[in-house]
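For reference, the structure is listed below as structure tokens.
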Amino acid sequence: MIQAARPARARIVSTGRFSPPRVVTNHDLESMVETNDEWIRTRTGITERRLADKDTGAADMGAAAARIAMERAGITAADVDILLVSTATPDRLLPSTACDIQALLGSHNAAAYDFASACSGFLYGLSLAEAHIAAGQAKTVLLVCTEKMSSIIDWTDRATCVLFGDGAGAAVIQPAEGDGRGILSGYFKSDGTLAELLYRPGGGARYPLDIAVLDERSHFVKMAGAEVFKSAVRSMCDAAGHALERAGVTGDDVDLLVPHQANIRIIDATAKYAKIPPEKVFVNVDRYGNMSSASIPVALDEAVEQGRAGEGALVLMVAFGAGFTWAANVVRM
Ligand code: UT7
């Protein structure tokens with residue numbers, strides 16, 4: 001899907017995030033599976049992750065992040081026209097987590113729906129929000145990315161369980177004001193022929209949950225790590241290049257790269273390709289692990305808080321995830 005360079009139609013007005021309080025370190029995982037801190041740190045860059053308690057759902061985390069974003073935007077729940085939710089871990093399969101969050105927030109004027117683009121969710125969501133605004137369907141879109149990855153991970157599989165964390169990020173998106181700020185370019189793509197390199201085989205409509213699914217543990221995430229790694233590097237470089245070109249800028253112009261936080265080695269390769277020096281790359285994978293679609297909005301929110309993505313900053317965001325899906329946006333904050 002292609003968008004040409006043009007004046008911004010929508011802008012990110014504010015962001016918010018939620019992290020569960022419970023910190024689980026690499027050392028904690030050593031007692032659960034055959035792994036060690038050194039392997040996890042050198043292969044992924046992860047030191048610790050936050051995991052939600054049993055009683056905390058994806059909707060709870062999403063609503064908490066959304067409340068902060070709404071407060072910073074100076075809006076109330078009633079101002080939200082469309083509530084978009086990206087999640088690979090819905091609390092229930094029916095209805096959508098978006099409707100659960102809509103109820104928690106009391107955003108009674110909002111249309112609400114989930115979409116599933118895995119780790120690329122925040123960037124797919126930016127394009128959805130922009131399209132709704134450009135179509136005149138919304139003045140205020142609330143985009144929430146919430147992931148309780150711990151609920152779909154096989155805690156006996158060391159190849160995946162050490163990689164993920166739980167959390168939520170949110171953004172309020174409204175029409176651009178013609179001052180140069182806003183979403184300057186977008187690029188988002190998919191390749192479903194590679195779906196089985198990163199997926200949950202069982203528990204859906206094709207193989208509904210039954211004893212065999214449980215025995216095979218096929219309702220948990222399965223990943224061919226090395227193949228996914230190669231595709232991630234290739235796709236994130238592809239997306240970064242296209243988004244920069246469509247915005248009419250180069251890596252030199254970028255103030256901050258906010259990449260998906262799956263693996264520090266993927267982040268480094270993407271930054272190198274886009275010619276963005278390490279000091280302009282936001283990294284928090286060490287503290288959170290991979291929170292799927294929540295990774296980028298949590299990172300963006302931290303970057304804003306730290307003054308690294310302040311008003312007027314040119315930010316490049318790049319993501320890759322299950323599907324496969326990949327995407328990039330250039331945004332003037
Ligand atoms: O969110 C988007 C999707 N996800 C990603 O982007 C993740 C992409 N993939 C990766 O980040 C990396 O491929 C991993 C971090 C998952 C794995 O790193 P790798 O360098 O590709 O390692 P590998 O899978 O090739 O495994 C190397 C070795 C294997 O042992 P042998 O066969 O060489 O003896 C694994 O069994 O490391 C072993 N291993 C572990 N050892 C200790 C795998 N997981 C672990 C572990 N602790 N947790």
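Here's how to read the names in the structure tokens: chain A, B, ... by the order shown, residue numbers from 1 in each chain, ligand numbers from 1 in the order shown.
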Can I get the residues close to ligand 1 as a ChimeraX atom specification, where close means within 7 Å and we count only C-alpha atoms and all ligand atoms?
-> /A:34-36,39-40,43-44,119,158-160,162,225-226,228-229,232,262-263,290,292,320-322
Skipping near chain neighbours, those fewer than 6 positions away, what residues fall within 9 Å of Arg308 of chain A using only C-alpha atoms, listed as a compact mmCIF listing (two decimals) with N, CA and C atoms, in the first residue's frame?
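Saved to part_5.txt:
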```txt
# COMPACT_ATOMS: atom_id res chain seq x y z
N ASP A 255 15.77 13.42 13.42
CA ASP A 255 16.23 13.70 14.79
C ASP A 255 16.22 12.45 15.65
N LEU A 256 15.27 11.55 15.37
CA LEU A 256 15.19 10.33 16.19
C LEU A 256 14.59 9.18 15.39
N LYS A 280 21.05 8.86 17.81
CA LYS A 280 19.71 9.27 17.36
C LYS A 280 18.76 8.07 17.27
N PHE A 282 16.38 5.42 19.39
CA PHE A 282 15.78 5.17 20.70
C PHE A 282 15.74 3.67 20.96
N GLU A 302 8.23 7.49 25.81
CA GLU A 302 9.42 7.73 26.63
C GLU A 302 10.31 8.79 25.98
```
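Residues of segment 170-301 of chain A carrying a DSSP assignment of strand (DSSP E or B), computed from the backbone, are Ala170, Ala171, Val172, Ile173, Gln174, Pro175, Gly182, Ile183, Leu184, Ser185, Gly186, Tyr187, Phe188, Lys189, Ser190, Leu198, Tyr199, Lys222, Met223, Leu256, Leu257, Val258, Pro259, Val281 and Asn290 of chain A.
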Each residue of segment 137-187 of chain A lying at most 9 Å from segment 201-220 of chain A should get a row with its shortest atom-to-atom pair and the distance in Å to one decimal, counting only C-alpha atoms; could you produce that, ordered by chain and increasing number, as CSV?
```
residue,atom,partner,partner_atom,distance
A:Ser151,CA,A:Phe220,CA,8.5
A:Ile152,CA,A:Phe220,CA,5.1
A:Ile153,CA,A:Phe220,CA,5.3
A:Asp154,CA,A:Phe220,CA,5.5
```
Using backbone DSSP assignments, extract all helix (DSSP H, G or I) residues from segment 106-307 of chain A; output them as number ranges by chain.
-> A: 118-134, 149-151, 158-161, 192-197, 211-216, 225-247, 251-253, 264-273, 278-280, 285-288, 292-305
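Compared by their closest atoms to Ala129 of chain A, and using only C-alpha atoms, the residues A:Val258, A:Leu142, A:Leu300, A:Met291 rank with A:Leu142 nearest.
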Quick one: of A:Ser31, A:Asn284, A:Ser120, A:Gln102, who's nearest to Thr87 of chain A, counting only C-alpha atoms?
->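 Smallest separation from Thr87 of chain A among the options: A:Ser120.
Every protein or nucleic acid residue with an atom no more than 10 Å from Asp191 of chain A, counting only C-alpha atoms and leaving out same-chain residues fewer than 2 positions away, appears here: A:Lys189, A:Thr193, A:Leu194, A:Ala195, A:Ala322, A:Gly323, A:Phe324, A:Thr325, A:Trp326.
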Find the residues near Leu257 of chain A: any atom within 10 Å, counting only C-alpha atoms, skip ones fewer than 4 places away on the same chain, and give them as an MDAnalysis selection string.
-> chainID A and resid 240 251 267 270:271 274 276:283 300 309 314:318 330
If you measure from atom CA of Leu128 of chain A to atom CA of Arg265 of chain A, what distance in Å do you get, rounded to one decimal?
->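 For atom CA of Leu128 of chain A relative to atom CA of Arg265 of chain A, the distance reads 29.5 Å.
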